[in-house]
Structure formats: structure tokens, C-alpha cells
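Asks: Structure: data_24.cif, mmCIF, C-alpha atoms.
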```
data_start
loop_
_atom_site.label_atom_id
_atom_site.label_comp_id
_atom_site.auth_asym_id
_atom_site.auth_seq_id
_atom_site.Cartn_x
_atom_site.Cartn_y
_atom_site.Cartn_z
CA MET M 5 -10.10 11.11 -5.47
CA PRO M 6 -6.69 10.56 -3.82
CA GLU M 7 -5.28 13.32 -1.63
CA LYS M 8 -2.50 15.53 -2.98
CA LYS M 9 0.01 14.30 -0.38
CA THR M 10 -0.61 10.66 -1.40
CA ILE M 11 0.11 11.42 -5.06
CA GLU M 12 3.23 13.34 -3.99
CA ARG M 13 4.46 10.40 -1.89
CA ALA M 14 3.89 8.00 -4.80
CA ARG M 15 5.83 10.31 -7.15
CA LYS M 16 8.67 10.50 -4.63
CA ASP M 17 8.76 6.68 -4.51
CA LYS M 18 8.98 6.62 -8.32
CA ARG M 19 11.85 9.14 -8.33
CA GLU M 20 13.69 6.98 -5.78
CA GLY M 21 13.38 4.01 -8.15
CA LYS M 22 10.94 2.05 -6.02
CA SER M 23 8.64 -0.52 -7.59
CA ALA M 24 5.13 0.18 -8.87
CA SER M 25 3.65 -1.89 -6.04
CA THR M 26 5.49 0.30 -3.50
CA GLN M 27 4.08 3.40 -5.20
CA ALA M 28 0.61 1.84 -5.14
CA GLY M 29 1.10 1.10 -1.45
CA GLU M 30 0.76 4.82 -0.74
CA PHE M 31 -2.81 4.73 -2.10
CA VAL M 32 -3.62 1.59 -0.13
CA ARG M 33 -2.28 3.27 3.02
CA GLU M 34 -4.58 6.24 2.37
CA GLU M 35 -7.61 3.92 2.06
CA ILE M 36 -6.73 2.20 5.33
CA GLU M 37 -6.44 5.63 7.01
CA HIS M 38 -9.85 6.63 5.61
CA ILE M 39 -11.42 3.53 7.11
CA ARG M 40 -9.75 4.15 10.47
CA GLU M 41 -10.91 7.79 10.43
CA GLY M 42 -14.45 6.57 9.80
CA LYS M 43 -14.89 8.20 6.38
CA HIS M 44 -16.19 4.85 5.12
CA GLY M 45 -15.81 1.14 5.79
CA ALA M 46 -14.96 -1.95 3.77
CA ARG M 47 -16.39 -5.45 3.65
CA SER M 48 -12.90 -6.96 3.93
CA THR M 49 -9.24 -6.02 4.02
CA LYS M 50 -9.01 -7.31 0.46
CA GLN M 51 -11.66 -4.81 -0.65
CA ALA M 52 -9.81 -1.93 1.04
CA ILE M 53 -6.60 -2.94 -0.77
CA ALA M 54 -8.46 -3.29 -4.08
CA ILE M 55 -9.86 0.24 -3.78
CA GLY M 56 -6.35 1.58 -3.12
CA LEU M 57 -4.86 -0.30 -6.10
CA SER M 58 -7.62 0.95 -8.39
CA GLN M 59 -6.94 4.55 -7.31
CA ALA M 60 -3.22 4.02 -7.90
CA ARG M 61 -3.85 2.78 -11.45
CA ARG M 62 -6.17 5.73 -12.15
CA ALA M 63 -3.49 8.10 -10.83
CA GLY M 64 -1.02 6.76 -13.41
CA VAL M 65 1.04 4.27 -11.39
CA ASP M 66 2.53 1.65 -13.77
CA LEU M 67 0.84 -1.25 -12.02
CA PRO M 68 -0.32 -3.67 -14.73
CA PRO M 69 -3.68 -5.42 -14.34
CA PRO M 70 -3.56 -9.06 -13.19
CA LYS M 71 -2.91 -11.67 -15.90
CA LYS M 72 -5.51 -14.19 -17.07
CA GLY M 73 -6.14 -16.74 -14.34
CA GLU M 74 -4.66 -14.58 -11.57
CA ALA M 75 -7.96 -12.89 -10.77
CA SER M 76 -11.58 -13.12 -11.82
CA GLU M 77 -12.53 -11.77 -15.26
CA LYS M 78 -14.58 -8.99 -13.65
CA THR M 79 -11.62 -7.87 -11.50
CA ARG M 80 -9.27 -8.02 -14.47
CA LYS M 81 -11.55 -5.89 -16.67
CA SER M 82 -11.99 -3.34 -13.89
CA ALA M 83 -8.20 -3.14 -13.37
CA GLU M 84 -7.67 -2.77 -17.13
CA ARG M 85 -10.12 0.15 -17.26
CA ALA M 86 -8.46 1.86 -14.27
CA TYR M 87 -5.01 1.36 -15.81
CA ALA M 88 -6.18 2.78 -19.15
CA ARG M 89 -7.69 5.84 -17.40
CA GLY M 90 -4.41 6.50 -15.64
CA HIS M 91 -2.47 6.20 -18.89
CA GLY M 92 -4.31 8.72 -21.03
CA ALA M 93 -7.38 6.84 -22.26
CA PRO M 94 -10.42 9.14 -22.25
CA ALA M 95 -13.38 8.20 -20.05
CA LYS M 96 -16.15 6.43 -21.98
CA ARG M 97 -18.72 8.62 -20.26
CA LYS M 98 -19.02 11.11 -17.42
CA PRO M 99 -19.25 9.36 -14.02
CA SER M 100 -22.81 9.12 -12.76
CA ALA M 101 -23.35 11.27 -9.67
CA LYS M 102 -26.15 8.97 -8.50
CA ARG M 103 -23.94 5.90 -8.81
CA SER M 104 -20.99 7.58 -7.06
CA ARG M 105 -23.28 8.56 -4.17
CA ALA M 106 -24.70 5.04 -3.96
CA ILE M 107 -21.19 3.53 -3.78
CA GLU M 108 -20.20 6.04 -1.08
CA HIS M 109 -23.31 5.23 1.01
CA ALA M 110 -22.79 1.48 0.58
CA LEU M 111 -19.19 1.78 1.84
CA GLN M 112 -20.33 3.90 4.78
CA ARG M 113 -22.61 1.04 5.89
CA GLU M 114 -19.69 -1.41 5.98
CA GLY M 115 -17.67 -2.17 9.11
CA LYS M 116 -14.35 -0.64 10.10
CA SER M 117 -12.59 -3.83 11.25
CA ALA M 118 -11.09 -4.38 7.77
CA ALA M 119 -8.43 -1.80 8.70
CA SER M 120 -7.59 -3.32 12.09
CA HIS M 121 -4.03 -4.43 12.78
CA ALA M 122 -5.21 -8.04 13.17
CA SER M 123 -7.03 -8.03 9.80
CA LEU M 124 -4.09 -6.46 7.98
CA SER M 125 -1.67 -8.92 9.57
CA LYS M 126 -3.88 -11.87 8.61
CA GLN M 127 -4.14 -10.60 5.01
CA ALA M 128 -0.37 -10.09 4.76
CA LYS M 129 0.31 -13.60 6.03
CA THR M 130 -2.13 -15.28 3.63
CA ALA M 131 -0.68 -13.25 0.72
CA ALA M 132 2.87 -14.23 1.73
CA ARG M 133 1.91 -17.91 1.96
CA ARG M 134 0.88 -17.85 -1.70
CA ARG M 135 4.40 -16.83 -2.72
CA THR M 136 7.41 -19.11 -2.92
CA ALA M 137 10.42 -18.66 -0.62
CA ALA M 138 12.46 -17.48 -3.64
CA GLU M 139 9.87 -14.79 -4.48
CA ARG M 140 9.79 -13.56 -0.87
CA SER M 141 13.58 -13.54 -0.71
CA GLY M 142 13.83 -11.64 -4.01
CA ALA M 143 11.36 -9.03 -2.77
CA ALA M 144 13.37 -8.55 0.43
CA LYS M 145 16.61 -8.13 -1.54
CA GLN M 146 14.95 -5.61 -3.87
CA ALA M 147 13.67 -3.68 -0.84
CA ALA M 148 17.17 -3.62 0.67
CA ARG M 149 18.59 -2.26 -2.60
CA THR M 150 16.18 0.68 -2.71
CA LYS M 151 16.64 1.59 0.98
CA GLY M 152 19.15 4.26 1.95
CA PRO M 153 21.64 3.76 4.82
CA LYS M 154 19.28 5.36 7.36
CA GLU M 155 16.35 3.11 6.40
CA ARG M 156 18.63 0.04 6.37
CA HIS M 157 19.79 0.87 9.89
CA GLU M 158 16.20 1.34 11.09
CA ALA M 159 15.17 -1.96 9.50
CA ALA M 160 18.09 -3.76 11.17
CA VAL M 161 17.24 -2.28 14.58
CA LYS M 162 13.59 -3.28 14.09
CA ALA M 163 14.58 -6.82 13.07
CA VAL M 164 16.65 -7.21 16.24
CA ARG M 165 13.82 -5.77 18.34
CA THR M 166 11.05 -7.92 16.88
CA LYS M 167 13.00 -11.18 16.61
CA GLY M 168 13.74 -11.14 20.35
CA HIS M 169 17.53 -11.49 19.98
CA GLU M 170 19.94 -11.19 22.89
CA GLY M 171 21.29 -8.11 21.13
CA ARG M 172 18.06 -6.22 21.77
CA VAL M 173 19.50 -4.14 24.61
CA ARG M 174 22.73 -3.60 22.70
CA ALA M 175 20.78 -2.47 19.61
CA ALA M 176 18.64 -0.09 21.66
CA ARG M 177 21.75 1.46 23.23
CA LYS M 178 23.42 1.81 19.83
CA ALA M 179 20.27 3.42 18.37
CA ALA M 180 20.17 5.85 21.30
CA ARG M 181 23.85 6.73 20.75
CA THR M 182 23.20 7.26 17.02
CA ARG M 183 20.23 9.52 17.77
CA ALA M 184 22.26 11.48 20.31
CA ALA M 185 25.14 11.88 17.85
CA HIS M 186 22.75 13.16 15.16
CA ALA M 187 21.09 15.54 17.61
CA HIS M 188 24.43 17.09 18.59
CA GLY M 189 25.94 16.96 15.07
#
```
So, in terms of C-alpha cells, how does the structure I just supplied come out?
Replies:
Amino acid sequence: MPEKKTIERARKDKREGKSASTQAGEFVREEIEHIREGKHGARSTKQAIAIGLSQARRAGVDLPPPKKGEASEKTRKSAERAYARGHGAPAKRKPSAKRSRAIEHALQREGKSAASHASLSKQAKTAARRRTAAERSGAAKQAARTKGPKERHEAAVKAVRTKGHEGRVRAARKAARTRAAHAHG
């Protein structure tokens, strides 16, 4: 069951016009936090993400299940069921307490490294490699459109900082001036 604050954050994303995958990202973030807190583990980063996406679909996020050929039949069916649950379809039967407990115990036996920074970075890179340059560019442009001026500024400062530009010191000074101006204003 997702936490109240996660559902709230996803709703806020929807109000701001952000994509379904961004809304679902809130649920994935929660799963990663759970693993880091030691509530349970995951066999892989992919599994942790899959759990988050399933919870997002069940919570009513408009994230359609993968199309034929994009994922295994088993995964597709599972995603379809989760999506249907989140969009008003009644449950076929009451969840089995024994089964829920078994799943919980199985996840508790798994490792915690699936939520490490290295694992998440590796997963992000392999996912990005599967997309074309045009798709990546389009996603970046869409992200820029849904960011406000403050977020755009933060993203620009971060880009300068992480790319190792000469303007790093200049950007840091400008950011400090901006923060100081906001603090006094």
C-alpha cells in the first residue's frame, strides 16, 4: 500500500501537467526508499522499479501496460490487471493473506544493493541506450516545458556543475547571490 504522501506527490505532478511516467516515478522513489530503509529488498533494480510501477497503476496513474512485444506476456498481463484495478475494475477475489505474507517474506530475504546509487545509475544508462537520440531529446524538451523558472535555474546550475565547465565557479557565485537575494527579499 503506497504512503499517503506518495499519492499526494503523484496527484500534484498530475495537476502540474506532468507525464504519467513522472507521476509513477513517485511510487518508484518510495520503493527505492523502502529498500534503503531495510523494509524489504529486491532481486534487481528492475524488480524494484516494476513494484513501483505496479503500485502506481493500482493507485490510478494513467500509465498504460506495455504493448505486445515490449515485455513478456506474464508482465503484460500483470500490468493490465494492475491498470484495471486502478481504473475502477473490481478485484476478482479478496487478496490472500497467506500469499501476501509469503511475498513480503520473500522480498525481505533479498539483498539491498538494488537500491544503491551504482545499480540505479547502471539501470538508467541501459534504459537510455535502448532509446534513440530523438526520443531522449524529446523527453528532455518535454521536461523543460513542465519545469517552472526555479526548477529550470536549478537544472542549469546542476548541468554546469556536473559537466565540469569553466563557468562552474561563476555559476556557484550566481547561485549564492540568487539565494542571498531570496533570503533578504
Asks: Set the distance at 8 Å and use all atoms listed in the file: which residues neighbour His44 in chain M once local chain neighbours fewer than 5 positions away are removed? I'd like the list as a list in words.
Replies: His38, Ile39, Glu108, Leu111, Gln112, Arg113, Glu114 and Lys116 of chain M
Asks: Residues within 7 Å of range 171-186 of chain M, please, as a ChimeraX atom specification. Count all atoms listed in the file; anything in the same chain fewer than 4 positions from it doesn't count.
Replies: /M:161,164-165
Asks: Quick one: of M:Ala63, M:Ser23, M:Gln51, M:Ser58, who's nearest to Glu7 in chain M, counting all atoms listed in the file?
Replies: M:Ala63
Asks: Taking the file as shown, what set of residues would the PyMOL selection byres ((chain M and resi 81-94) around 9) give back, as a ChimeraX atom specification?
Replies: /M:57-70,76-80,95-97
Asks: Would you mind exporting the chosen residues as an mmCIF file, in the frame of the given file, restricted to C-alpha atoms?
Replies:
```
data_model
loop_
_atom_site.group_PDB
_atom_site.id
_atom_site.type_symbol
_atom_site.label_atom_id
_atom_site.label_comp_id
_atom_site.auth_asym_id
_atom_site.auth_seq_id
_atom_site.Cartn_x
_atom_site.Cartn_y
_atom_site.Cartn_z
ATOM 1 C CA LEU M 57 -4.860 -0.300 -6.100
ATOM 2 C CA SER M 58 -7.620 0.950 -8.390
ATOM 3 C CA GLN M 59 -6.940 4.550 -7.310
ATOM 4 C CA ALA M 60 -3.220 4.020 -7.900
ATOM 5 C CA ARG M 61 -3.850 2.780 -11.450
ATOM 6 C CA ARG M 62 -6.170 5.730 -12.150
ATOM 7 C CA ALA M 63 -3.490 8.100 -10.830
ATOM 8 C CA GLY M 64 -1.020 6.760 -13.410
ATOM 9 C CA VAL M 65 1.040 4.270 -11.390
ATOM 10 C CA ASP M 66 2.530 1.650 -13.770
ATOM 11 C CA LEU M 67 0.840 -1.250 -12.020
ATOM 12 C CA PRO M 68 -0.320 -3.670 -14.730
ATOM 13 C CA PRO M 69 -3.680 -5.420 -14.340
ATOM 14 C CA PRO M 70 -3.560 -9.060 -13.190
ATOM 15 C CA SER M 76 -11.580 -13.120 -11.820
ATOM 16 C CA GLU M 77 -12.530 -11.770 -15.260
ATOM 17 C CA LYS M 78 -14.580 -8.990 -13.650
ATOM 18 C CA THR M 79 -11.620 -7.870 -11.500
ATOM 19 C CA ARG M 80 -9.270 -8.020 -14.470
ATOM 20 C CA ALA M 95 -13.380 8.200 -20.050
ATOM 21 C CA LYS M 96 -16.150 6.430 -21.980
ATOM 22 C CA ARG M 97 -18.720 8.620 -20.260
#
```
Asks: How would you write, as a PyMOL selection string, the residues chosen by the PyMOL selection byres ((chain M and resi 147-157) around 10) on this structure?
Replies: chain M and resi 17+20-23+26+141-146+158-163+179
Asks: Between CA of His121 in chain M and CA of Ala28 in chain M, what is the distance in Å, rounded to a tenth?
Replies: 19.5 Å
Asks: When you look at Leu124 in chain M with a cut-off of 8 Å (counting only C-alpha atoms), what residues show up, excluding the ones that are within fewer than 5 positions of it in the same chain? I need them as a PDB file with C-alpha atoms, keeping the file's coordinate frame.
Replies:
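Final output, out15.pdb:
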```pdb
ATOM      1  CA  THR M  49      -9.240  -6.020   4.020  1.00  0.00           C
ATOM      2  CA  ALA M 118     -11.090  -4.380   7.770  1.00  0.00           C
ATOM      3  CA  ALA M 119      -8.430  -1.800   8.700  1.00  0.00           C
TER       4      ALA M 119
END
```
Asks: Kindly indicate which residue among M:Lys71, M:Arg33, M:Lys102, M:Arg40 lies nearest to Gly56 in chain M, using all atoms listed in the file for the distances.
Replies: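 With all atoms listed in the file as the atom set, the closest residue is M:Arg33.
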Asks: Considering all atoms listed in the file, can you say which of M:Ala101, M:Ala132, M:Ala14, M:Ala110 comes closest to Glu34 in chain M?
Replies: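 Using all atoms listed in the file, the shortest distance to Glu34 in chain M belongs to M:Ala14.
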Asks: Using all atoms listed in the file, can you tell me which of M:Ala137, M:Glu30, M:Gly115, M:Ser120 comes closest to Lys9 in chain M?
Replies: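 For Lys9 in chain M, the nearest of the given residues is M:Glu30.
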Asks: What separation in Å, quoted to one decimal, exists between CA of Ser25 in chain M and CA of Arg47 in chain M?
Replies: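 Distance reported for this atom pair: 22.5 Å.
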Asks: Would you work out the distance separating CA of His109 in chain M from CA of Val32 in chain M, expressed in Å to one decimal?
Replies: 20.1 Å
